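Q: Hey, dropping run00.cif in here, mmCIF, C-alpha atoms:
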```
data_start
#
loop_
_atom_site.group_PDB
_atom_site.id
_atom_site.type_symbol
_atom_site.label_atom_id
_atom_site.label_comp_id
_atom_site.auth_asym_id
_atom_site.auth_seq_id
_atom_site.Cartn_x
_atom_site.Cartn_y
_atom_site.Cartn_z
ATOM 1 C CA VAL A 770 5.918 -12.617 -46.743
ATOM 2 C CA GLY A 771 4.724 -9.129 -47.609
ATOM 3 C CA ARG A 772 5.897 -6.884 -50.379
ATOM 4 C CA LYS A 773 8.792 -4.529 -49.618
ATOM 5 C CA TYR A 774 7.954 -0.813 -49.796
ATOM 6 C CA GLU A 775 11.074 0.820 -48.360
ATOM 7 C CA TRP A 776 14.217 1.139 -50.488
ATOM 8 C CA THR A 777 17.613 2.808 -50.425
ATOM 9 C CA MET A 778 18.678 4.873 -53.414
ATOM 10 C CA ARG A 779 21.313 2.225 -54.169
ATOM 11 C CA GLU A 780 18.575 -0.460 -54.366
ATOM 12 C CA ALA A 781 16.299 1.764 -56.482
ATOM 13 C CA LEU A 782 19.118 2.487 -58.943
ATOM 14 C CA LYS A 783 20.053 -1.211 -59.163
ATOM 15 C CA ASN A 784 16.393 -2.061 -59.895
ATOM 16 C CA ALA A 785 16.172 0.738 -62.483
ATOM 17 C CA VAL A 786 19.273 -0.485 -64.334
ATOM 18 C CA GLU A 787 17.820 -4.027 -64.309
ATOM 19 C CA LEU A 788 14.680 -2.594 -65.985
ATOM 20 C CA VAL A 789 16.803 -1.011 -68.704
ATOM 21 C CA ASP A 790 18.679 -4.287 -69.182
ATOM 22 C CA THR A 791 15.398 -6.218 -69.431
ATOM 23 C CA ALA A 792 14.058 -3.712 -71.996
ATOM 24 C CA PHE A 793 17.271 -4.010 -74.013
ATOM 25 C CA ASN A 794 17.108 -7.808 -74.071
ATOM 26 C CA ALA A 795 13.395 -7.743 -74.991
ATOM 27 C CA GLU A 796 14.026 -5.202 -77.768
ATOM 28 C CA GLY A 797 11.847 -2.625 -76.019
ATOM 29 C CA LEU A 798 8.602 -4.478 -75.267
ATOM 30 C CA VAL A 799 8.885 -5.585 -71.661
ATOM 31 C CA GLY A 800 5.251 -5.079 -70.681
ATOM 32 C CA VAL A 801 1.978 -6.459 -71.964
ATOM 33 C CA ASP A 802 1.473 -5.852 -75.688
ATOM 34 C CA THR A 803 -1.024 -3.016 -76.266
ATOM 35 C CA GLY A 804 -1.743 -4.092 -79.830
ATOM 36 C CA LEU A 805 -0.680 -0.672 -81.101
ATOM 37 C CA GLU A 806 2.950 -0.565 -82.228
ATOM 38 C CA PRO A 807 3.346 3.238 -81.780
ATOM 39 C CA LEU A 808 1.991 2.968 -78.217
ATOM 40 C CA ASN A 809 4.285 0.001 -77.498
ATOM 41 C CA GLU A 810 7.242 2.046 -78.723
ATOM 42 C CA ILE A 811 6.355 4.934 -76.410
ATOM 43 C CA THR A 812 5.478 2.905 -73.311
ATOM 44 C CA GLY A 813 7.139 -0.493 -73.789
ATOM 45 C CA GLY A 814 3.662 -2.001 -73.253
ATOM 46 C CA TRP A 815 1.509 -2.066 -70.128
ATOM 47 C CA HIS A 816 3.571 -2.419 -66.922
ATOM 48 C CA ASN A 817 2.748 -3.984 -63.552
ATOM 49 C CA THR A 818 2.811 -0.826 -61.486
ATOM 50 C CA ASP A 819 1.343 1.591 -64.022
ATOM 51 C CA LEU A 820 -2.124 3.086 -63.970
ATOM 52 C CA ASN A 821 -3.144 4.322 -67.413
ATOM 53 C CA VAL A 822 -6.370 6.282 -67.703
ATOM 54 C CA ILE A 823 -7.804 7.009 -71.136
ATOM 55 C CA GLY A 824 -10.482 9.641 -71.166
ATOM 56 C CA ALA A 825 -12.588 11.075 -73.950
ATOM 57 C CA ARG A 826 -16.036 12.436 -74.640
ATOM 58 C CA PRO A 827 -18.942 9.961 -74.845
ATOM 59 C CA ALA A 828 -19.187 7.769 -77.958
ATOM 60 C CA MET A 829 -15.539 8.274 -78.951
ATOM 61 C CA GLY A 830 -14.618 4.562 -78.803
ATOM 62 C CA LYS A 831 -13.072 4.161 -75.344
ATOM 63 C CA THR A 832 -14.725 0.771 -74.768
ATOM 64 C CA ALA A 833 -13.758 -0.468 -78.229
ATOM 65 C CA LEU A 834 -10.170 0.627 -77.608
ATOM 66 C CA MET A 835 -10.120 -1.124 -74.225
ATOM 67 C CA LEU A 836 -11.473 -4.355 -75.727
ATOM 68 C CA ASN A 837 -8.839 -4.224 -78.468
ATOM 69 C CA PHE A 838 -6.171 -3.770 -75.771
ATOM 70 C CA ALA A 839 -7.542 -6.811 -73.902
ATOM 71 C CA HIS A 840 -7.623 -8.782 -77.160
ATOM 72 C CA ALA A 841 -3.986 -7.899 -77.896
ATOM 73 C CA ALA A 842 -2.766 -8.823 -74.396
ATOM 74 C CA ASP A 843 -0.363 -11.737 -74.535
ATOM 75 C CA ARG A 844 -1.223 -12.954 -71.039
ATOM 76 C CA PRO A 845 -4.305 -13.475 -68.857
ATOM 77 C CA ALA A 846 -6.423 -10.308 -68.756
ATOM 78 C CA GLY A 847 -9.290 -9.068 -66.633
ATOM 79 C CA ILE A 848 -12.082 -6.750 -67.725
ATOM 80 C CA ILE A 849 -14.242 -4.933 -65.216
ATOM 81 C CA SER A 850 -17.077 -3.211 -67.018
ATOM 82 C CA SER A 851 -19.774 -1.180 -65.332
ATOM 83 C CA GLU A 852 -20.956 -0.111 -68.770
ATOM 84 C CA GLN A 853 -21.558 -3.279 -70.789
ATOM 85 C CA GLY A 854 -22.733 -6.743 -69.867
ATOM 86 C CA ASN A 855 -20.746 -9.865 -70.597
ATOM 87 C CA GLU A 856 -22.873 -10.651 -73.666
ATOM 88 C CA GLN A 857 -22.027 -7.293 -75.249
ATOM 89 C CA ILE A 858 -18.352 -7.744 -74.419
ATOM 90 C CA GLY A 859 -18.438 -11.240 -75.914
ATOM 91 C CA LEU A 860 -20.135 -9.935 -79.049
ATOM 92 C CA ARG A 861 -17.608 -7.141 -79.465
ATOM 93 C CA MET A 862 -14.697 -9.537 -78.910
ATOM 94 C CA ILE A 863 -16.098 -11.843 -81.634
ATOM 95 C CA SER A 864 -16.274 -8.780 -83.858
ATOM 96 C CA ILE A 865 -12.615 -7.969 -83.171
ATOM 97 C CA GLN A 866 -11.362 -11.545 -83.526
ATOM 98 C CA GLY A 867 -13.418 -12.369 -86.615
ATOM 99 C CA ARG A 868 -13.172 -8.932 -88.200
ATOM 100 C CA LEU A 869 -16.960 -8.825 -88.334
ATOM 101 C CA ASN A 870 -19.254 -5.821 -88.082
ATOM 102 C CA THR A 871 -20.817 -5.675 -84.600
ATOM 103 C CA GLN A 872 -24.137 -4.403 -85.929
ATOM 104 C CA THR A 873 -24.257 -7.278 -88.406
ATOM 105 C CA LEU A 874 -23.660 -9.687 -85.520
ATOM 106 C CA ARG A 875 -26.390 -8.053 -83.406
ATOM 107 C CA THR A 876 -28.943 -8.457 -86.178
ATOM 108 C CA ALA A 877 -27.571 -11.846 -87.363
ATOM 109 C CA LYS A 878 -27.562 -10.555 -90.937
ATOM 110 C CA LEU A 879 -24.286 -12.201 -91.818
ATOM 111 C CA GLN A 880 -23.252 -13.096 -95.322
ATOM 112 C CA GLU A 881 -22.669 -16.776 -96.047
ATOM 113 C CA ASP A 882 -18.870 -16.362 -95.822
ATOM 114 C CA GLU A 883 -19.145 -14.600 -92.429
ATOM 115 C CA TRP A 884 -20.693 -17.523 -90.514
ATOM 116 C CA PRO A 885 -17.465 -19.570 -90.529
ATOM 117 C CA ARG A 886 -15.569 -16.480 -89.312
ATOM 118 C CA LEU A 887 -18.024 -16.141 -86.413
ATOM 119 C CA THR A 888 -17.489 -19.794 -85.492
ATOM 120 C CA ALA A 889 -13.696 -19.586 -85.830
ATOM 121 C CA ALA A 890 -13.587 -16.372 -83.771
ATOM 122 C CA SER A 891 -15.704 -17.927 -81.013
ATOM 123 C CA HIS A 892 -13.489 -21.008 -80.841
ATOM 124 C CA ALA A 893 -10.295 -18.934 -80.775
ATOM 125 C CA LEU A 894 -11.634 -16.689 -78.010
ATOM 126 C CA MET A 895 -12.720 -19.668 -75.879
ATOM 127 C CA GLU A 896 -9.041 -20.545 -75.531
ATOM 128 C CA ARG A 897 -8.122 -17.053 -74.292
ATOM 129 C CA GLN A 898 -7.725 -16.320 -70.602
ATOM 130 C CA ILE A 899 -9.897 -13.227 -70.409
ATOM 131 C CA TYR A 900 -12.046 -12.798 -67.299
ATOM 132 C CA ILE A 901 -15.037 -10.453 -67.112
ATOM 133 C CA ASN A 902 -16.870 -8.832 -64.212
ATOM 134 C CA ASP A 903 -19.908 -6.878 -65.442
ATOM 135 C CA GLU A 904 -21.296 -5.746 -62.073
ATOM 136 C CA PRO A 905 -23.057 -2.455 -62.973
ATOM 137 C CA SER A 906 -22.354 -0.622 -59.735
ATOM 138 C CA ILE A 907 -19.152 -2.213 -58.455
ATOM 139 C CA ASN A 908 -17.460 -0.499 -55.537
ATOM 140 C CA ILE A 909 -13.731 -0.046 -55.142
ATOM 141 C CA VAL A 910 -13.487 -2.753 -52.466
ATOM 142 C CA ASN A 911 -15.113 -5.374 -54.712
ATOM 143 C CA LEU A 912 -13.055 -4.226 -57.682
ATOM 144 C CA CYS A 913 -9.841 -4.726 -55.708
ATOM 145 C CA ARG A 914 -11.089 -8.077 -54.371
ATOM 146 C CA GLN A 915 -11.867 -9.239 -57.901
ATOM 147 C CA ALA A 916 -8.475 -8.125 -59.207
ATOM 148 C CA ARG A 917 -6.653 -9.925 -56.378
ATOM 149 C CA GLU A 918 -8.707 -13.070 -56.940
ATOM 150 C CA TRP A 919 -7.956 -13.103 -60.688
ATOM 151 C CA LYS A 920 -4.274 -12.496 -59.984
ATOM 152 C CA TYR A 921 -4.177 -15.366 -57.493
ATOM 153 C CA ARG A 922 -6.318 -17.872 -59.436
ATOM 154 C CA HIS A 923 -5.298 -17.051 -63.018
ATOM 155 C CA ASN A 924 -2.051 -15.051 -62.721
ATOM 156 C CA MET A 925 -3.763 -12.148 -64.475
ATOM 157 C CA GLY A 926 -1.168 -9.927 -66.141
ATOM 158 C CA VAL A 927 -3.279 -6.878 -66.967
ATOM 159 C CA LEU A 928 -6.586 -5.405 -65.793
ATOM 160 C CA PHE A 929 -8.848 -3.145 -67.839
ATOM 161 C CA VAL A 930 -11.587 -1.122 -66.164
ATOM 162 C CA ASP A 931 -14.350 0.450 -68.222
ATOM 163 C CA TYR A 932 -16.312 3.411 -66.974
ATOM 164 C CA VAL A 933 -14.219 4.480 -63.970
ATOM 165 C CA GLN A 934 -16.749 7.152 -63.004
ATOM 166 C CA ARG A 935 -19.313 4.440 -62.135
ATOM 167 C CA ILE A 936 -17.064 2.829 -59.541
ATOM 168 C CA LYS A 937 -18.506 3.538 -56.122
ATOM 169 C CA GLY A 938 -16.379 4.410 -53.116
ATOM 170 C CA SER A 939 -16.069 2.083 -50.171
ATOM 171 C CA VAL A 940 -18.913 1.977 -47.671
ATOM 172 C CA LYS A 941 -17.881 3.128 -44.207
ATOM 173 C CA GLY A 942 -19.350 1.041 -41.422
#
```
Please express what this file holds, its structure, as structure tokens.
A:
Amino acid sequence: VGRKYEWTMREALKNAVELVDTAFNAEGLVGVDTGLEPLNEITGGWHNTDLNVIGARPAMGKTALMLNFAHAADRPAGIISSEQGNEQIGLRMISIQGRLNTQTLRTAKLQEDEWPRLTAASHALMERQIYINDEPSINIVNLCRQAREWKYRHNMGVLFVDYVQRIKGSVKG
């Protein structure tokens, strides 16, 4: 059974009022938690049909922000990154979870009290349902295929895509 795409105004209004009722009962946060309370208050979290694009100049922290969003998600999340490999993403997620400096992790110059935090962060993250595709030159067809697969296999609730400009168009045959 396919998804319905044609609606009457009566149906659209009924669905809209149901959204308001759901938001009221959930005290405002009906979507996926962003991890930022002011953003949650504005948006109600990430929503199924929304496309949110965050743009900024290079080296302004877009990837770090995205990884913090994925970390805060309270349901299975997908990350498609044409910018960083899975090792870098893993390292940065350990940094977020363990509140450890990423550069310190990269050089393994941790203080004695930081090693247990690294271990605890790794163990906590292993339990998280976060899926990563780090194909450097993914095309839109493969991106969509991956998203559908994660949704089907893991009931992914939110997808984060890093470096949108590197996504290639579909190849015409």
Q: Would you work out the distance separating CA of Gly824 in chain A from CA of Arg935 in chain A, expressed in Å to one decimal?
A: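 These atoms are spaced 13.7 Å apart.
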Q: Using the file's own x, y and z axes, so that the box edges lie along x, y and z, what centre and edge lengths in Å (one decimal) does a box around every listed atom of range 850-868 of chain A get when 5 Å is added on each side? Give it as AutoDock Vina command-line options.
A:
```
--center_x -17.1 --center_y -6.2 --center_z -76.8 --size_x 21.5 --size_y 22.3 --size_z 32.9
```
Q: For Asn870 in chain A, list every protein, DNA or RNA residue within 12 Å, evaluated using only C-alpha atoms, and leave out those in the same chain fewer than 2 positions away; present the list as a PyMOL selection string.
A: chain A and resi 860-868+872-880+883+886-887
Q: Apply the PyMOL selection byres ((chain A and resi 904) around 12) to the structure shown and report the selected residues as a list in words.
A: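 Taken on the displayed file, the PyMOL selection byres ((chain A and resi 904) around 12) yields the residues Ile848, Ile849, Ser850, Ser851, Glu852, Gln853, Gly854, Asn855, Ile901, Asn902, Asp903, Pro905, Ser906, Ile907, Asn908, Ile909, Asn911, Leu912, Gln915, Val930, Asp931, Tyr932, Arg935, Ile936 and Lys937 of chain A.
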Q: Go ahead and write the selection's residues with C-alpha atoms as a short mmCIF file (atom, residue, chain, number, x, y, z; two decimals), in the frame of the given file.
A:
```cif
data_model
loop_
_atom_site.label_atom_id
_atom_site.label_comp_id
_atom_site.auth_asym_id
_atom_site.auth_seq_id
_atom_site.Cartn_x
_atom_site.Cartn_y
_atom_site.Cartn_z
CA ILE A 848 -12.08 -6.75 -67.72
CA ILE A 849 -14.24 -4.93 -65.22
CA SER A 850 -17.08 -3.21 -67.02
CA SER A 851 -19.77 -1.18 -65.33
CA GLU A 852 -20.96 -0.11 -68.77
CA GLN A 853 -21.56 -3.28 -70.79
CA GLY A 854 -22.73 -6.74 -69.87
CA ASN A 855 -20.75 -9.86 -70.60
CA ILE A 901 -15.04 -10.45 -67.11
CA ASN A 902 -16.87 -8.83 -64.21
CA ASP A 903 -19.91 -6.88 -65.44
CA PRO A 905 -23.06 -2.46 -62.97
CA SER A 906 -22.35 -0.62 -59.74
CA ILE A 907 -19.15 -2.21 -58.46
CA ASN A 908 -17.46 -0.50 -55.54
CA ILE A 909 -13.73 -0.05 -55.14
CA ASN A 911 -15.11 -5.37 -54.71
CA LEU A 912 -13.06 -4.23 -57.68
CA GLN A 915 -11.87 -9.24 -57.90
CA VAL A 930 -11.59 -1.12 -66.16
CA ASP A 931 -14.35 0.45 -68.22
CA TYR A 932 -16.31 3.41 -66.97
CA ARG A 935 -19.31 4.44 -62.14
CA ILE A 936 -17.06 2.83 -59.54
CA LYS A 937 -18.51 3.54 -56.12
#
```
Q: The PyMOL selection byres ((chain A and resi 846) around 9) - which residues does that actually catch in the file I just gave you? List them as an MDAnalysis selection string.
A: chainID A and resid 839:840 842:845 847:848 897:901 919 923:929
Q: Quick check, in Å to one decimal: how far apart do CA of Glu810 in chain A and CA of Val786 in chain A lie?
A: 18.9 Å
Q: Compare A:Asn784, A:Ser891, A:Gln857, A:Thr777 by their minimum atom-to-atom distance to Thr832 in chain A, counting only C-alpha atoms, and give me the closest one.
A: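 That would be A:Gln857, the residue with the smallest distance to Thr832 in chain A.
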Q: So what do you get for CA of Ala890 in chain A versus CA of Ile858 in chain A, distance-wise?
A: 13.6 Å
Q: Show me, as a tab-separated table, the residues of range 811-882 of chain A having an atom within 7 Å of range 792-807 of chain A, each with the closest atom pair and its distance in Å, using only C-alpha atoms.
A:
```
residue	atom	partner	partner_atom	distance
A:Ile811	CA	A:Pro807	CA	6.4
A:Gly813	CA	A:Leu798	CA	4.5
A:Gly814	CA	A:Gly800	CA	4.3
A:Trp815	CA	A:Val801	CA	4.8
A:His816	CA	A:Gly800	CA	4.9
A:Phe838	CA	A:Thr803	CA	5.2
A:Ala841	CA	A:Gly804	CA	4.8
A:Ala842	CA	A:Asp802	CA	5.3
A:Asp843	CA	A:Asp802	CA	6.3
```
Q: Here is a test: counting only C-alpha atoms, which residue of A:Arg779, A:Leu808, A:Leu869, A:Val822 is nearest to Asp882 in chain A?
A: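 Checking each of A:Arg779, A:Leu808, A:Leu869, A:Val822 against Asp882 in chain A, counting only C-alpha atoms, the winner is A:Leu869.
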Q: Some atoms are missing, so please complete range 874-885 of chain A with all heavy atoms and return it as a PDB file, in the frame of the given file.
A:
```
ATOM      1  N   LEU A 874     -23.534  -8.601 -86.496  1.00  0.00           N
ATOM      2  CA  LEU A 874     -23.660  -9.687 -85.520  1.00  0.00           C
ATOM      3  C   LEU A 874     -24.933  -9.527 -84.691  1.00  0.00           C
ATOM      4  O   LEU A 874     -25.656 -10.496 -84.456  1.00  0.00           O
ATOM      5  CB  LEU A 874     -22.442  -9.721 -84.593  1.00  0.00           C
ATOM      6  CG  LEU A 874     -21.133 -10.212 -85.203  1.00  0.00           C
ATOM      7  CD1 LEU A 874     -19.981  -9.989 -84.238  1.00  0.00           C
ATOM      8  CD2 LEU A 874     -21.246 -11.679 -85.583  1.00  0.00           C
ATOM      9  N   ARG A 875     -25.203  -8.305 -84.243  1.00  0.00           N
ATOM     10  CA  ARG A 875     -26.390  -8.053 -83.406  1.00  0.00           C
ATOM     11  C   ARG A 875     -27.682  -8.425 -84.124  1.00  0.00           C
ATOM     12  O   ARG A 875     -28.632  -8.884 -83.501  1.00  0.00           O
ATOM     13  CB  ARG A 875     -26.450  -6.578 -83.006  1.00  0.00           C
ATOM     14  CG  ARG A 875     -25.531  -6.215 -81.901  1.00  0.00           C
ATOM     15  CD  ARG A 875     -25.852  -4.821 -81.377  1.00  0.00           C
ATOM     16  NE  ARG A 875     -24.853  -4.456 -80.404  1.00  0.00           N
ATOM     17  CZ  ARG A 875     -24.067  -3.406 -80.497  1.00  0.00           C
ATOM     18  NH1 ARG A 875     -24.175  -2.577 -81.510  1.00  0.00           N
ATOM     19  NH2 ARG A 875     -23.181  -3.156 -79.574  1.00  0.00           N
ATOM     20  N   THR A 876     -27.722  -8.185 -85.413  1.00  0.00           N
ATOM     21  CA  THR A 876     -28.943  -8.457 -86.178  1.00  0.00           C
ATOM     22  C   THR A 876     -28.906  -9.815 -86.874  1.00  0.00           C
ATOM     23  O   THR A 876     -29.887 -10.207 -87.507  1.00  0.00           O
ATOM     24  CB  THR A 876     -29.163  -7.353 -87.237  1.00  0.00           C
ATOM     25  OG1 THR A 876     -28.037  -7.323 -88.115  1.00  0.00           O
ATOM     26  CG2 THR A 876     -29.365  -5.994 -86.578  1.00  0.00           C
ATOM     27  N   ALA A 877     -27.774 -10.527 -86.746  1.00  0.00           N
ATOM     28  CA  ALA A 877     -27.571 -11.846 -87.363  1.00  0.00           C
ATOM     29  C   ALA A 877     -27.780 -11.806 -88.879  1.00  0.00           C
ATOM     30  O   ALA A 877     -28.210 -12.779 -89.481  1.00  0.00           O
ATOM     31  CB  ALA A 877     -28.467 -12.897 -86.721  1.00  0.00           C
ATOM     32  N   LYS A 878     -27.439 -10.688 -89.482  1.00  0.00           N
ATOM     33  CA  LYS A 878     -27.562 -10.555 -90.937  1.00  0.00           C
ATOM     34  C   LYS A 878     -26.193 -10.751 -91.577  1.00  0.00           C
ATOM     35  O   LYS A 878     -25.709  -9.910 -92.321  1.00  0.00           O
ATOM     36  CB  LYS A 878     -28.156  -9.191 -91.296  1.00  0.00           C
ATOM     37  CG  LYS A 878     -29.589  -9.050 -90.832  1.00  0.00           C
ATOM     38  CD  LYS A 878     -30.190  -7.730 -91.258  1.00  0.00           C
ATOM     39  CE  LYS A 878     -31.641  -7.670 -90.780  1.00  0.00           C
ATOM     40  NZ  LYS A 878     -32.251  -6.388 -91.074  1.00  0.00           N
ATOM     41  N   LEU A 879     -25.605 -11.892 -91.292  1.00  0.00           N
ATOM     42  CA  LEU A 879     -24.286 -12.201 -91.818  1.00  0.00           C
ATOM     43  C   LEU A 879     -24.388 -12.784 -93.215  1.00  0.00           C
ATOM     44  O   LEU A 879     -25.348 -13.483 -93.528  1.00  0.00           O
ATOM     45  CB  LEU A 879     -23.579 -13.205 -90.907  1.00  0.00           C
ATOM     46  CG  LEU A 879     -23.028 -12.637 -89.588  1.00  0.00           C
ATOM     47  CD1 LEU A 879     -24.094 -12.639 -88.523  1.00  0.00           C
ATOM     48  CD2 LEU A 879     -21.835 -13.414 -89.145  1.00  0.00           C
ATOM     49  N   GLN A 880     -23.378 -12.492 -93.997  1.00  0.00           N
ATOM     50  CA  GLN A 880     -23.252 -13.096 -95.322  1.00  0.00           C
ATOM     51  C   GLN A 880     -22.811 -14.552 -95.122  1.00  0.00           C
ATOM     52  O   GLN A 880     -22.295 -14.918 -94.062  1.00  0.00           O
ATOM     53  CB  GLN A 880     -22.222 -12.344 -96.160  1.00  0.00           C
ATOM     54  CG  GLN A 880     -22.535 -10.879 -96.377  1.00  0.00           C
ATOM     55  CD  GLN A 880     -23.817 -10.690 -97.167  1.00  0.00           C
ATOM     56  OE1 GLN A 880     -24.021 -11.338 -98.184  1.00  0.00           O
ATOM     57  NE2 GLN A 880     -24.687  -9.818 -96.693  1.00  0.00           N
ATOM     58  N   GLU A 881     -22.997 -15.352 -96.151  1.00  0.00           N
ATOM     59  CA  GLU A 881     -22.669 -16.776 -96.047  1.00  0.00           C
ATOM     60  C   GLU A 881     -21.212 -17.007 -95.637  1.00  0.00           C
ATOM     61  O   GLU A 881     -20.919 -17.884 -94.830  1.00  0.00           O
ATOM     62  CB  GLU A 881     -22.956 -17.473 -97.378  1.00  0.00           C
ATOM     63  CG  GLU A 881     -22.896 -18.980 -97.283  1.00  0.00           C
ATOM     64  CD  GLU A 881     -23.369 -19.649 -98.564  1.00  0.00           C
ATOM     65  OE1 GLU A 881     -24.320 -19.152 -99.186  1.00  0.00           O
ATOM     66  OE2 GLU A 881     -22.756 -20.663 -98.925  1.00  0.00           O
ATOM     67  N   ASP A 882     -20.288 -16.190 -96.148  1.00  0.00           N
ATOM     68  CA  ASP A 882     -18.870 -16.362 -95.822  1.00  0.00           C
ATOM     69  C   ASP A 882     -18.509 -15.848 -94.425  1.00  0.00           C
ATOM     70  O   ASP A 882     -17.400 -16.091 -93.948  1.00  0.00           O
ATOM     71  CB  ASP A 882     -17.999 -15.683 -96.881  1.00  0.00           C
ATOM     72  CG  ASP A 882     -18.135 -14.167 -96.863  1.00  0.00           C
ATOM     73  OD1 ASP A 882     -19.268 -13.665 -96.702  1.00  0.00           O
ATOM     74  OD2 ASP A 882     -17.108 -13.482 -97.022  1.00  0.00           O
ATOM     75  N   GLU A 883     -19.431 -15.130 -93.767  1.00  0.00           N
ATOM     76  CA  GLU A 883     -19.145 -14.600 -92.429  1.00  0.00           C
ATOM     77  C   GLU A 883     -19.464 -15.596 -91.321  1.00  0.00           C
ATOM     78  O   GLU A 883     -18.883 -15.507 -90.231  1.00  0.00           O
ATOM     79  CB  GLU A 883     -19.930 -13.299 -92.206  1.00  0.00           C
ATOM     80  CG  GLU A 883     -19.432 -12.175 -93.098  1.00  0.00           C
ATOM     81  CD  GLU A 883     -20.243 -10.906 -92.954  1.00  0.00           C
ATOM     82  OE1 GLU A 883     -21.497 -10.987 -92.918  1.00  0.00           O
ATOM     83  OE2 GLU A 883     -19.621  -9.829 -92.874  1.00  0.00           O
ATOM     84  N   TRP A 884     -20.352 -16.546 -91.552  1.00  0.00           N
ATOM     85  CA  TRP A 884     -20.693 -17.523 -90.514  1.00  0.00           C
ATOM     86  C   TRP A 884     -19.483 -18.336 -90.070  1.00  0.00           C
ATOM     87  O   TRP A 884     -19.273 -18.507 -88.862  1.00  0.00           O
ATOM     88  CB  TRP A 884     -21.842 -18.423 -90.981  1.00  0.00           C
ATOM     89  CG  TRP A 884     -23.163 -17.720 -90.978  1.00  0.00           C
ATOM     90  CD1 TRP A 884     -23.815 -17.199 -92.059  1.00  0.00           C
ATOM     91  CD2 TRP A 884     -23.983 -17.417 -89.839  1.00  0.00           C
ATOM     92  NE1 TRP A 884     -24.985 -16.596 -91.663  1.00  0.00           N
ATOM     93  CE2 TRP A 884     -25.112 -16.714 -90.300  1.00  0.00           C
ATOM     94  CE3 TRP A 884     -23.858 -17.655 -88.476  1.00  0.00           C
ATOM     95  CZ2 TRP A 884     -26.123 -16.271 -89.462  1.00  0.00           C
ATOM     96  CZ3 TRP A 884     -24.863 -17.212 -87.631  1.00  0.00           C
ATOM     97  CH2 TRP A 884     -25.978 -16.525 -88.122  1.00  0.00           C
ATOM     98  N   PRO A 885     -18.659 -18.836 -90.981  1.00  0.00           N
ATOM     99  CA  PRO A 885     -17.465 -19.570 -90.529  1.00  0.00           C
ATOM    100  C   PRO A 885     -16.501 -18.682 -89.728  1.00  0.00           C
ATOM    101  O   PRO A 885     -15.842 -19.152 -88.799  1.00  0.00           O
ATOM    102  CB  PRO A 885     -16.805 -20.051 -91.833  1.00  0.00           C
ATOM    103  CG  PRO A 885     -17.893 -20.023 -92.850  1.00  0.00           C
ATOM    104  CD  PRO A 885     -18.820 -18.921 -92.435  1.00  0.00           C
TER     105      PRO A 885
END
```
